[in-house]
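Below: target30.cif (mmCIF, C-alpha atoms (C1' of nucleotides))
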```
data_target
loop_
_atom_site.label_atom_id
_atom_site.label_comp_id
_atom_site.auth_asym_id
_atom_site.auth_seq_id
_atom_site.Cartn_x
_atom_site.Cartn_y
_atom_site.Cartn_z
CA MET A 1 3.62 -15.20 -29.43
CA ALA A 2 6.15 -17.74 -30.72
CA ASP A 3 8.81 -18.80 -28.28
CA ARG A 4 11.68 -16.82 -29.65
CA ALA A 5 14.91 -17.58 -27.92
CA GLU A 6 17.02 -14.53 -27.26
CA PRO A 7 15.60 -11.39 -28.89
CA ALA A 8 13.61 -9.18 -26.59
CA VAL A 9 15.88 -6.43 -25.37
CA LYS A 10 19.57 -6.09 -25.62
CA ALA A 11 21.41 -3.92 -23.15
CA GLY A 12 21.87 -0.48 -24.61
CA SER A 13 19.43 -0.80 -27.47
CA GLY A 14 17.47 2.19 -26.19
CA PRO A 15 16.84 4.36 -23.16
CA GLU A 16 13.63 2.86 -21.78
CA PRO A 17 12.04 0.27 -24.05
CA THR A 18 8.69 0.31 -22.19
CA ARG A 19 8.70 -3.28 -21.10
CA ASP A 20 5.38 -3.04 -19.29
CA ALA A 21 3.10 -2.32 -22.22
CA THR A 22 0.67 -5.09 -21.30
CA LEU A 23 0.44 -3.95 -17.70
CA ARG A 24 -0.12 -0.37 -18.84
CA SER A 25 -3.41 -1.46 -20.35
CA PHE A 26 -4.70 -2.17 -16.85
CA THR A 27 -6.22 0.73 -14.95
CA GLY A 28 -5.03 -0.65 -11.63
CA TYR A 29 -1.40 -0.83 -12.69
CA THR A 30 -1.36 2.73 -13.95
CA MET A 31 -3.04 3.83 -10.76
CA LYS A 32 -0.52 1.99 -8.66
CA ARG A 33 2.36 3.77 -10.35
CA ALA A 34 0.71 7.18 -10.05
CA PHE A 35 -0.18 6.58 -6.43
CA HIS A 36 3.33 5.42 -5.72
CA ALA A 37 4.64 8.74 -7.01
CA ILE A 38 2.15 10.67 -4.91
CA GLN A 39 2.96 8.63 -1.82
CA ALA A 40 6.68 9.22 -2.13
CA ASP A 41 6.23 12.95 -2.55
CA LEU A 42 3.65 13.26 0.20
CA LYS A 43 5.87 11.41 2.62
CA ASP A 44 8.52 14.09 2.24
CA VAL A 45 5.91 16.81 2.55
CA LEU A 46 4.54 15.46 5.84
CA GLU A 47 7.83 14.52 7.44
CA PRO A 48 8.67 18.06 8.63
CA PHE A 49 5.37 18.05 10.52
CA GLY A 50 6.13 14.73 12.17
CA LEU A 51 3.18 13.17 10.36
CA ARG A 52 2.64 10.18 8.13
CA MET A 53 -0.15 9.75 5.61
CA LEU A 54 -2.28 7.89 8.14
CA THR A 55 -1.67 10.19 11.07
CA PHE A 56 -2.31 13.21 8.86
CA SER A 57 -5.57 11.70 7.62
CA ALA A 58 -6.65 10.87 11.15
CA LEU A 59 -5.80 14.34 12.42
CA VAL A 60 -7.84 15.94 9.65
CA VAL A 61 -10.89 13.81 10.39
CA VAL A 62 -10.65 14.47 14.13
CA VAL A 63 -10.37 18.23 13.61
CA ASP A 64 -13.31 18.17 11.22
CA ASN A 65 -15.36 15.94 13.53
CA PRO A 66 -14.43 16.70 17.13
CA GLY A 67 -15.82 14.22 19.61
CA LEU A 68 -16.01 11.20 17.34
CA ARG A 69 -14.91 7.80 18.56
CA GLN A 70 -12.06 5.64 17.43
CA ALA A 71 -14.36 3.15 15.73
CA GLU A 72 -16.00 5.98 13.80
CA LEU A 73 -12.63 7.36 12.84
CA ALA A 74 -11.55 3.93 11.66
CA ASP A 75 -14.72 3.56 9.61
CA ALA A 76 -14.24 6.98 8.04
CA LEU A 77 -10.72 6.10 6.93
CA VAL A 78 -11.49 2.48 6.08
CA ILE A 79 -8.96 1.24 8.62
CA GLU A 80 -9.39 -1.71 10.95
CA ARG A 81 -9.90 -0.77 14.58
CA PRO A 82 -6.78 -2.54 15.80
CA ASN A 83 -4.65 -0.52 13.39
CA MET A 84 -6.28 2.67 14.59
CA VAL A 85 -4.89 2.28 18.10
CA LEU A 86 -1.28 3.06 17.27
CA ILE A 87 -2.27 5.93 15.01
CA VAL A 88 -4.32 7.55 17.74
CA ASP A 89 -1.59 6.78 20.27
CA GLN A 90 0.90 8.63 18.13
CA LEU A 91 -1.34 11.67 17.74
CA VAL A 92 -2.04 11.74 21.47
CA GLU A 93 1.64 11.43 22.36
CA ALA A 94 2.40 14.26 19.94
CA GLY A 95 -0.14 16.37 21.81
CA LEU A 96 -2.29 16.88 18.73
CA ILE A 97 -5.51 15.23 19.92
CA SER A 98 -6.96 14.13 23.23
CA ARG A 99 -8.57 10.83 24.16
CA ALA A 100 -11.30 11.70 26.69
CA PRO A 101 -13.92 9.27 27.98
CA ALA A 102 -17.11 9.53 25.94
CA GLU A 103 -19.99 10.59 28.13
CA GLY A 104 -22.81 8.09 28.18
CA ASP A 105 -20.64 5.16 27.10
CA ARG A 106 -17.87 3.99 29.37
CA ARG A 107 -16.38 1.83 26.64
CA ALA A 108 -15.62 4.55 24.16
CA TYR A 109 -13.29 7.49 23.86
CA ALA A 110 -14.16 10.85 22.36
CA LEU A 111 -11.35 12.20 20.22
CA ARG A 112 -10.83 15.93 20.06
CA PRO A 113 -8.05 18.06 18.64
CA THR A 114 -5.89 20.14 20.93
CA GLU A 115 -5.02 23.73 20.11
CA GLU A 116 -1.70 22.45 18.89
CA GLY A 117 -3.49 19.89 16.75
CA ARG A 118 -5.67 22.50 15.14
CA ALA A 119 -2.67 24.68 14.43
CA LEU A 120 -0.76 21.84 12.84
CA TYR A 121 -3.87 20.91 10.88
CA GLN A 122 -3.83 24.33 9.27
CA ARG A 123 -0.18 24.23 8.33
CA ALA A 124 -0.11 20.62 7.21
CA THR A 125 -3.30 20.92 5.19
CA ALA A 126 -1.87 23.89 3.33
CA ALA A 127 1.31 21.96 2.58
CA VAL A 128 -0.62 18.94 1.37
CA ARG A 129 -2.80 21.13 -0.79
CA ALA A 130 0.30 22.58 -2.39
CA HIS A 131 1.65 19.06 -2.87
CA ASP A 132 -1.60 18.00 -4.49
CA GLU A 133 -1.57 20.94 -6.86
CA ARG A 134 2.02 20.19 -7.76
CA MET A 135 1.24 16.56 -8.56
CA THR A 136 -1.72 17.55 -10.73
CA LYS A 137 -0.15 20.59 -12.34
CA ASN A 138 -0.26 18.94 -15.77
CA LEU A 139 -4.04 18.54 -15.57
CA ASP A 140 -6.43 21.36 -16.22
CA GLU A 141 -9.21 21.75 -13.69
CA GLU A 142 -11.69 19.92 -15.91
CA LYS A 143 -9.45 16.88 -16.21
CA ARG A 144 -8.72 16.89 -12.50
CA GLN A 145 -12.43 16.91 -11.74
CA LEU A 146 -12.92 14.03 -14.15
CA LEU A 147 -10.10 12.13 -12.51
CA VAL A 148 -11.55 12.50 -9.01
CA SER A 149 -14.99 11.62 -10.32
CA ALA A 150 -13.68 8.52 -12.06
CA LEU A 151 -11.80 7.42 -8.95
CA GLY A 152 -14.97 7.81 -6.93
CA LEU A 153 -16.90 5.66 -9.37
CA ILE A 154 -14.26 2.95 -9.17
CA GLU A 155 -14.30 2.93 -5.39
CA ALA A 156 -18.08 2.77 -5.43
CA VAL A 157 -18.10 -0.48 -7.40
CA GLN A 158 -17.32 -2.48 -4.30
CA TRP A 159 -20.50 -1.29 -2.61
CA GLU A 160 -22.84 -2.32 -5.39
CA GLU A 161 -21.77 -5.90 -5.88
CA ASP A 162 -24.33 -7.81 -3.90
CA ASP A 163 -27.09 -8.75 -6.29
CA ASN A 164 -25.57 -9.35 -9.69
CA GLY A 165 -23.87 -12.49 -8.51
CA GLU A 166 -20.41 -11.66 -9.79
CA ARG A 167 -18.29 -11.60 -6.68
CA SER A 168 -19.28 -12.18 -3.05
CA MET B 1 -13.75 26.47 13.69
CA ALA B 2 -14.68 27.32 17.31
CA ASP B 3 -13.98 24.65 19.87
CA ARG B 4 -17.48 23.35 20.27
CA ALA B 5 -17.74 20.80 22.99
CA GLU B 6 -19.90 17.86 22.10
CA PRO B 7 -21.71 18.33 18.77
CA ALA B 8 -20.09 16.65 15.82
CA VAL B 9 -21.79 13.33 15.27
CA LYS B 10 -24.15 11.45 17.46
CA ALA B 11 -24.53 7.74 17.05
CA GLY B 12 -27.46 7.02 14.82
CA SER B 13 -27.88 10.50 13.44
CA GLY B 14 -27.39 9.15 9.90
CA PRO B 15 -26.04 6.29 7.86
CA GLU B 16 -22.67 7.66 6.72
CA PRO B 17 -22.17 11.33 7.49
CA THR B 18 -19.14 11.70 5.20
CA ARG B 19 -16.62 12.64 7.83
CA ASP B 20 -13.72 12.90 5.36
CA ALA B 21 -14.91 15.82 3.27
CA THR B 22 -11.61 17.68 3.62
CA LEU B 23 -9.57 14.66 2.64
CA ARG B 24 -11.83 14.06 -0.36
CA SER B 25 -10.60 17.30 -1.83
CA PHE B 26 -7.14 15.76 -2.19
CA THR B 27 -6.48 13.78 -5.34
CA GLY B 28 -4.14 11.44 -3.50
CA TYR B 29 -6.70 10.49 -0.88
CA THR B 30 -9.36 9.69 -3.44
CA MET B 31 -6.81 7.68 -5.39
CA LYS B 32 -5.78 5.77 -2.31
CA ARG B 33 -9.35 4.72 -1.63
CA ALA B 34 -9.98 3.70 -5.23
CA PHE B 35 -6.71 1.81 -5.39
CA HIS B 36 -7.50 0.10 -2.11
CA ALA B 37 -10.74 -1.20 -3.63
CA ILE B 38 -8.92 -2.39 -6.74
CA GLN B 39 -6.22 -4.06 -4.69
CA ALA B 40 -8.69 -5.98 -2.55
CA ASP B 41 -10.59 -7.22 -5.59
CA LEU B 42 -7.48 -8.07 -7.57
CA LYS B 43 -6.08 -10.06 -4.68
CA ASP B 44 -9.07 -12.36 -4.81
CA VAL B 45 -8.82 -12.60 -8.59
CA LEU B 46 -5.17 -13.66 -8.54
CA GLU B 47 -5.34 -16.02 -5.57
CA PRO B 48 -6.72 -18.98 -7.58
CA PHE B 49 -3.67 -18.68 -9.84
CA GLY B 50 -1.29 -18.68 -6.89
CA LEU B 51 -0.20 -15.17 -7.79
CA ARG B 52 0.06 -11.85 -5.99
CA MET B 53 0.00 -8.44 -7.60
CA LEU B 54 3.78 -8.32 -7.73
CA THR B 55 4.33 -11.87 -8.97
CA PHE B 56 1.65 -11.37 -11.61
CA SER B 57 3.24 -8.15 -12.78
CA ALA B 58 6.66 -9.77 -12.92
CA LEU B 59 5.34 -12.78 -14.85
CA VAL B 60 3.70 -10.51 -17.41
CA VAL B 61 6.88 -8.53 -17.98
CA VAL B 62 8.99 -11.67 -18.30
CA VAL B 63 6.60 -13.22 -20.83
CA ASP B 64 6.54 -9.99 -22.83
CA ASN B 65 10.32 -9.59 -22.62
CA PRO B 66 11.91 -13.03 -22.54
CA GLY B 67 15.57 -12.98 -21.68
CA LEU B 68 15.64 -9.81 -19.63
CA ARG B 69 17.63 -9.60 -16.40
CA GLN B 70 16.43 -9.16 -12.87
CA ALA B 71 17.70 -5.60 -12.66
CA GLU B 72 15.84 -4.73 -15.85
CA LEU B 73 12.72 -6.36 -14.49
CA ALA B 74 13.06 -4.42 -11.27
CA ASP B 75 13.48 -1.17 -13.22
CA ALA B 76 10.44 -1.91 -15.35
CA LEU B 77 8.28 -2.43 -12.27
CA VAL B 78 9.91 0.31 -10.18
CA ILE B 79 10.94 -2.21 -7.52
CA GLU B 80 14.25 -2.25 -5.68
CA ARG B 81 16.56 -5.09 -6.71
CA PRO B 82 16.65 -6.71 -3.27
CA ASN B 83 12.87 -6.98 -3.27
CA MET B 84 12.93 -8.54 -6.71
CA VAL B 85 14.81 -11.59 -5.48
CA LEU B 86 11.96 -13.16 -3.54
CA ILE B 87 9.48 -12.39 -6.29
CA VAL B 88 11.62 -14.15 -8.90
CA ASP B 89 12.31 -16.97 -6.45
CA GLN B 90 8.61 -17.53 -6.06
CA LEU B 91 7.98 -17.59 -9.82
CA VAL B 92 10.88 -20.00 -10.35
CA GLU B 93 9.70 -22.30 -7.59
CA ALA B 94 6.24 -22.27 -9.12
CA GLY B 95 7.79 -23.38 -12.40
CA LEU B 96 6.55 -20.31 -14.25
CA ILE B 97 9.88 -18.80 -15.27
CA SER B 98 13.48 -19.96 -15.50
CA ARG B 99 16.61 -18.25 -14.22
CA ALA B 100 19.35 -19.16 -16.71
CA PRO B 101 22.84 -17.64 -16.77
CA ALA B 102 22.97 -14.70 -19.15
CA GLU B 103 25.42 -15.36 -21.93
CA GLY B 104 28.19 -12.82 -22.07
CA ASP B 105 27.79 -11.72 -18.44
CA ARG B 106 28.49 -14.18 -15.68
CA ARG B 107 26.92 -11.90 -13.09
CA ALA B 108 23.45 -11.77 -14.54
CA TYR B 109 20.56 -14.12 -15.05
CA ALA B 110 18.31 -14.21 -18.10
CA LEU B 111 14.67 -14.67 -17.13
CA ARG B 112 12.43 -16.59 -19.48
CA PRO B 113 8.91 -17.95 -19.10
CA THR B 114 8.31 -21.68 -19.13
CA GLU B 115 5.50 -23.21 -21.13
CA GLU B 116 3.56 -23.38 -17.91
CA GLY B 117 4.31 -19.73 -17.29
CA ARG B 118 3.04 -18.71 -20.70
CA ALA B 119 -0.12 -20.73 -20.19
CA LEU B 120 -0.79 -19.15 -16.82
CA TYR B 121 -0.03 -15.74 -18.29
CA GLN B 122 -2.86 -16.21 -20.76
CA ARG B 123 -5.38 -17.30 -18.16
CA ALA B 124 -4.37 -14.79 -15.48
CA THR B 125 -4.23 -11.89 -17.90
CA ALA B 126 -7.74 -12.67 -19.09
CA ALA B 127 -8.97 -12.79 -15.50
CA VAL B 128 -7.26 -9.50 -14.63
CA ARG B 129 -8.70 -7.89 -17.75
CA ALA B 130 -12.16 -8.97 -16.66
CA HIS B 131 -11.45 -7.61 -13.18
CA ASP B 132 -10.31 -4.32 -14.66
CA GLU B 133 -13.43 -4.00 -16.77
CA ARG B 134 -15.57 -4.78 -13.75
CA MET B 135 -13.88 -2.09 -11.68
CA THR B 136 -14.31 0.49 -14.44
CA LYS B 137 -17.76 -0.57 -15.57
CA ASN B 138 -19.24 2.74 -14.46
CA LEU B 139 -16.90 4.66 -16.76
CA ASP B 140 -17.50 5.00 -20.45
CA GLU B 141 -14.48 4.38 -22.64
CA GLU B 142 -13.78 8.07 -23.03
CA LYS B 143 -13.67 8.62 -19.29
CA ARG B 144 -11.51 5.57 -18.78
CA GLN B 145 -9.04 6.84 -21.34
CA LEU B 146 -8.99 10.22 -19.62
CA LEU B 147 -8.41 8.51 -16.28
CA VAL B 148 -5.45 6.53 -17.55
CA SER B 149 -4.07 9.60 -19.27
CA ALA B 150 -4.41 11.69 -16.11
CA LEU B 151 -2.72 9.02 -14.01
CA GLY B 152 0.15 8.93 -16.46
CA LEU B 153 0.56 12.69 -16.25
CA ILE B 154 0.65 12.53 -12.46
CA GLU B 155 3.27 9.82 -12.45
CA ALA B 156 5.34 11.78 -14.94
CA VAL B 157 5.62 14.78 -12.60
CA GLN B 158 8.34 13.06 -10.60
CA TRP B 159 10.56 12.86 -13.68
CA GLU B 160 10.40 16.54 -14.55
CA GLU B 161 11.31 18.07 -11.21
CA ASP B 162 14.97 18.82 -11.55
CA ASP B 163 15.29 22.37 -12.77
CA ASN B 164 12.48 24.42 -11.28
CA GLY B 165 13.97 24.12 -7.84
CA GLU B 166 10.85 22.96 -6.06
CA ARG B 167 11.83 19.61 -4.62
CA SER B 168 15.13 17.76 -4.81
"C1'" DG C 1 -34.49 -9.25 35.39
"C1'" DC C 2 -31.21 -11.61 33.11
"C1'" DA C 3 -28.86 -14.47 29.78
"C1'" DT C 4 -27.17 -13.51 25.44
"C1'" DA C 5 -25.49 -10.90 21.78
"C1'" DA C 6 -23.14 -6.95 20.14
"C1'" DC C 7 -19.93 -3.25 20.54
"C1'" DT C 8 -15.48 -0.62 22.55
"C1'" DG C 9 -10.74 -0.36 22.58
"C1'" DT C 10 -6.93 -3.29 23.02
"C1'" DT C 11 -3.12 -6.92 22.53
"C1'" DA C 12 -0.85 -10.28 19.91
"C1'" DC C 13 0.21 -12.07 15.71
"C1'" DT C 14 0.70 -12.48 10.71
"C1'" DA C 15 1.58 -11.32 5.93
"C1'" DG C 16 2.99 -8.18 2.60
"C1'" DA C 17 5.27 -4.03 0.49
"C1'" DT C 18 9.02 -1.05 0.50
"C1'" DA C 19 13.52 0.79 1.55
"C1'" DT C 20 18.66 0.87 2.77
"C1'" DA C 21 23.30 -0.99 3.82
"C1'" DA C 22 26.59 -4.14 2.79
"C1'" DC C 23 28.69 -8.13 0.46
"C1'" DA C 24 31.22 -11.26 -3.15
"C1'" DG C 25 31.70 -11.96 -7.82
"C1'" DT C 26 32.03 -9.92 -12.30
"C1'" DT C 27 32.56 -6.41 -15.79
"C1'" DA C 28 33.79 -1.80 -17.41
"C1'" DT C 29 36.72 2.33 -17.27
"C1'" DG C 30 40.70 5.33 -17.20
"C1'" DC D 1 45.88 -2.93 -13.92
"C1'" DA D 2 43.79 -0.29 -10.12
"C1'" DT D 3 39.47 1.53 -9.52
"C1'" DA D 4 34.75 2.14 -10.19
"C1'" DA D 5 30.43 0.31 -11.43
"C1'" DC D 6 27.14 -3.32 -11.88
"C1'" DT D 7 24.93 -8.26 -10.73
"C1'" DG D 8 22.24 -10.73 -7.62
"C1'" DT D 9 22.02 -11.51 -2.90
"C1'" DT D 10 21.51 -11.35 2.38
"C1'" DA D 11 20.16 -9.02 6.33
"C1'" DT D 12 17.57 -5.61 8.37
"C1'" DA D 13 14.02 -2.12 9.22
"C1'" DT D 14 9.67 0.23 8.72
"C1'" DC D 15 5.06 0.68 7.42
"C1'" DT D 16 0.54 -1.09 5.94
"C1'" DA D 17 -3.04 -4.17 6.60
"C1'" DG D 18 -5.63 -7.96 8.30
"C1'" DT D 19 -7.45 -11.62 11.68
"C1'" DA D 20 -8.13 -13.75 16.26
"C1'" DA D 21 -9.04 -13.19 20.77
"C1'" DC D 22 -9.81 -10.67 25.07
"C1'" DA D 23 -12.05 -7.83 29.12
"C1'" DG D 24 -15.18 -4.39 29.96
"C1'" DT D 25 -19.48 -2.29 28.69
"C1'" DT D 26 -23.93 -1.71 26.51
"C1'" DA D 27 -28.00 -3.37 24.02
"C1'" DT D 28 -31.47 -6.95 23.04
"C1'" DG D 29 -34.85 -10.71 23.56
"C1'" DC D 30 -37.45 -13.47 26.28
#
```

Take the structure from the file and write it as structure tokens.
Amino acid sequence: MADRAEPAVKAGSGPEPTRDATLRSFTGYTMKRAFHAIQADLKDVLEPFGLRMLTFSALVVVVDNPGLRQAELADALVIERPNMVLIVDQLVEAGLISRAPAEGDRRAYALRPTEEGRALYQRATAAVRAHDERMTKNLDEEKRQLLVSALGLIEAVQWEEDDNGERS
Amino acid sequence: MADRAEPAVKAGSGPEPTRDATLRSFTGYTMKRAFHAIQADLKDVLEPFGLRMLTFSALVVVVDNPGLRQAELADALVIERPNMVLIVDQLVEAGLISRAPAEGDRRAYALRPTEEGRALYQRATAAVRAHDERMTKNLDEEKRQLLVSALGLIEAVQWEEDDNGERS
DNA sequence: GCATAACTGTTACTAGATATAACAGTTATG
DNA sequence: CATAACTGTTATATCTAGTAACAGTTATGC
């Protein structure tokens, strides 16, 4: 804690001196690094299909919930409606989903997958599943379940913070 | 799997029908959502200190490793060198760290925290620790340890993929 | 009924993170 | 000493994410 002048790390003293020990004690930092690795790998996995993480996610939700509206899709993916427009545009232009007028509400669109969209869904989902298994290959199934469970509990915290007066 | 016409979800049929069941089976998707929640909360935590996630991380590493260079800092945080410039600029302008010429190498700068930087480090780190404990309050210590361990194993996958011929 | 509020998708704009190419100055290597 | 490699930097590009504001449509309250 004293203000030493020059010690710290000298070039070539070791391979990787682990300079982020303090940050490693934070769950969020460790998660950021792990997610960064997943993101980079997944990007390469989806590229051959002409998809990004967001367009893949949107396609999956539309295939699983044909007929839903853009606002519902945005809610499901926790994306703001304005940001949903370009994502849906891209999927429509790629011929993977269709934007048909929703019957009974002239404001809204009903999103449905095309045949092509369903076919790509199958192939892309399989590739992403393989990617996921590759990224978690060092975890046994029990640990992977615990990981997903823990992540769910962390995400849920934001929905329960209304009465204990901690954060608004 | 058949191409049903209109079923899916009708407005008002339920509160939150869980339209992303398929995506939930992917570790990366669950992690993205959890990390998104952490990011949003952490942003609010750091704002009073005039820090962002990246500037906070950089400050912590500089305080813990006084004298290190920008390239070393970038490596430690897995950030490209060009992106490090603005982050260091911001910390220098805020008077939290100093960019002094590295002795023995006229190319490089040695980064060191100022007194002000060390003081803010203490306060911000405490706030982030509280934030981290709040986000993981639904996990007992064993589960939290398992989470961090699992995240580390996932991140490590990218460093061991050179000989099994899966991905370049 | 009808004024008002709320919702739909959209445009425009902003801020931030991340990545690459290319550069001048400096140091290391053969 | 010529060449390669490294330092920080600029410029540029893409993607994510968020807010404000809008016209058209639907729902609500009186």

Each residue of chain B lying at most 10 Å from chain D should get a row with its shortest atom-to-atom pair and the distance in Å to one decimal, counting all atoms listed in the file; could you produce that, ordered by chain and increasing number, as a Markdown table?
```
| residue | atom | partner | partner_atom | distance |
| --- | --- | --- | --- | --- |
| B:Arg69 | CA | D:DT7 | C1' | 9.3 |
| B:Gln70 | CA | D:DG8 | C1' | 8.0 |
| B:Ala71 | CA | D:DT7 | C1' | 7.9 |
| B:Arg81 | CA | D:DG8 | C1' | 8.1 |
| B:Pro82 | CA | D:DT9 | C1' | 7.2 |
| B:Met84 | CA | D:DG8 | C1' | 9.6 |
| B:Val85 | CA | D:DT9 | C1' | 7.7 |
| B:Asp105 | CA | D:DT7 | C1' | 8.9 |
| B:Arg106 | CA | D:DT7 | C1' | 8.5 |
| B:Arg107 | CA | D:DT7 | C1' | 4.8 |
| B:Ala108 | CA | D:DT7 | C1' | 5.4 |
| B:Tyr109 | CA | D:DG8 | C1' | 8.3 |
```

request  = Would you mind reading off the distance between atom CA of B:Pro113 and atom CA of B:Val63, one decimal, in Å?
outcome  =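 Rounded to one decimal, the two atoms are 5.5 Å apart.
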
Check which residues satisfy the PyMOL selection byres ((chain B and resi 139) around 12) in the file shown, then give them as a CSV table (one decimal) with C-alpha atoms, keeping the file's coordinate frame.
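Wrote it out as out25.csv, contents follow:
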```
chain,number,residue,atom,x,y,z
A,27,THR,CA,-6.2,0.7,-15.0
A,146,LEU,CA,-12.9,14.0,-14.2
A,147,LEU,CA,-10.1,12.1,-12.5
A,149,SER,CA,-15.0,11.6,-10.3
A,150,ALA,CA,-13.7,8.5,-12.1
A,151,LEU,CA,-11.8,7.4,-9.0
A,152,GLY,CA,-15.0,7.8,-6.9
A,153,LEU,CA,-16.9,5.7,-9.4
A,154,ILE,CA,-14.3,3.0,-9.2
A,155,GLU,CA,-14.3,2.9,-5.4
A,156,ALA,CA,-18.1,2.8,-5.4
A,157,VAL,CA,-18.1,-0.5,-7.4
B,132,ASP,CA,-10.3,-4.3,-14.7
B,133,GLU,CA,-13.4,-4.0,-16.8
B,134,ARG,CA,-15.6,-4.8,-13.8
B,135,MET,CA,-13.9,-2.1,-11.7
B,136,THR,CA,-14.3,0.5,-14.4
B,137,LYS,CA,-17.8,-0.6,-15.6
B,138,ASN,CA,-19.2,2.7,-14.5
B,140,ASP,CA,-17.5,5.0,-20.4
B,141,GLU,CA,-14.5,4.4,-22.6
B,142,GLU,CA,-13.8,8.1,-23.0
B,143,LYS,CA,-13.7,8.6,-19.3
B,144,ARG,CA,-11.5,5.6,-18.8
B,145,GLN,CA,-9.0,6.8,-21.3
B,146,LEU,CA,-9.0,10.2,-19.6
B,147,LEU,CA,-8.4,8.5,-16.3
B,148,VAL,CA,-5.4,6.5,-17.6
```

query = Which residues of chain C are close to chain B, meaning at most 10 Å apart when you count all atoms listed in the file, and how do they look as a ChimeraX atom specification?
reply = /C:16-20,25-27

task = Please provide as a list of chain:residue names all residues within 12 Å of A:Phe49, with the sequence filter that same-chain residues fewer than 3 positions apart are discarded (counting all atoms listed in the file).
result =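 Within the cut-off, the hits are A:Leu42, A:Lys43, A:Asp44, A:Val45, A:Leu46, A:Arg52, A:Met53, A:Thr55, A:Phe56, A:Leu59, A:Leu91, A:Ala94, A:Leu96, A:Glu116, A:Gly117, A:Ala119, A:Leu120, A:Tyr121, A:Gln122, A:Arg123, A:Ala124, A:Thr125, A:Ala126, A:Ala127, A:Val128.
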
Once you have the residues from the selection above, write them out as a compact mmCIF listing (two decimals), in the frame of the given file, restricted to C-alpha atoms.
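Written out: selection03.txt:
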```txt
# COMPACT_ATOMS: atom_id res chain seq x y z
CA LEU A 42 3.65 13.26 0.20
CA LYS A 43 5.87 11.41 2.62
CA ASP A 44 8.52 14.09 2.24
CA VAL A 45 5.91 16.81 2.55
CA LEU A 46 4.54 15.46 5.84
CA ARG A 52 2.64 10.18 8.13
CA MET A 53 -0.15 9.75 5.61
CA THR A 55 -1.67 10.19 11.07
CA PHE A 56 -2.31 13.21 8.86
CA LEU A 59 -5.80 14.34 12.42
CA LEU A 91 -1.34 11.67 17.74
CA ALA A 94 2.40 14.26 19.94
CA LEU A 96 -2.29 16.88 18.73
CA GLU A 116 -1.70 22.45 18.89
CA GLY A 117 -3.49 19.89 16.75
CA ALA A 119 -2.67 24.68 14.43
CA LEU A 120 -0.76 21.84 12.84
CA TYR A 121 -3.87 20.91 10.88
CA GLN A 122 -3.83 24.33 9.27
CA ARG A 123 -0.18 24.23 8.33
CA ALA A 124 -0.11 20.62 7.21
CA THR A 125 -3.30 20.92 5.19
CA ALA A 126 -1.87 23.89 3.33
CA ALA A 127 1.31 21.96 2.58
CA VAL A 128 -0.62 18.94 1.37
```

Residue nearest A:Tyr29 among B:Ser57, B:Ala76, B:Val62, B:Ser98 (counting only C-alpha atoms) =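 Answer, going by the shortest atom-to-atom distance: B:Ser57.
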
query = Hey, which of B:Ala110, B:Ile97, B:Ala34, B:Ala21 ends up closest to chain A? Count only C-alpha atoms.
reply = B:Ala34

inquiry  = Measuring between only C-alpha atoms, which one of A:Phe35, A:Trp159, A:Ala130, A:Glu93 shows the shortest distance to chain B?
reply    =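 Nearest to chain B: A:Phe35.
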
ask   = Taking all atoms listed in the file into account, which of A:Gly95, A:Glu47, A:Ala37, A:Arg118 comes nearest chain B?
value =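 For chain B, the nearest of the given residues is A:Ala37.
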
message = Using only C-alpha atoms for the distances, tell me which of A:Leu51, A:Ala40, A:Val61, A:Ala74 is nearest to chain B.
response =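 The closest residue to chain B is A:Val61.
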
ask   = Between atom CA of B:Thr30 and atom CA of B:Asp75, what is the spacing in Å?
value =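 Between these atoms lies a distance of 27.1 Å.
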
ask   = With distances taken over only C-alpha atoms, which of A:Gln90, A:Ala100, A:Ile38, A:Gly50 is nearest to chain B?
value =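 Distance minimum relative to chain B lands on A:Ile38.
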
task = Figure out the distance between atom CA of B:Val60 and atom CA of A:Leu23, please, to one decimal in Å.
result =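 About the pair atom CA of A:Leu23 and atom CA of B:Val60: they are 7.3 Å apart.
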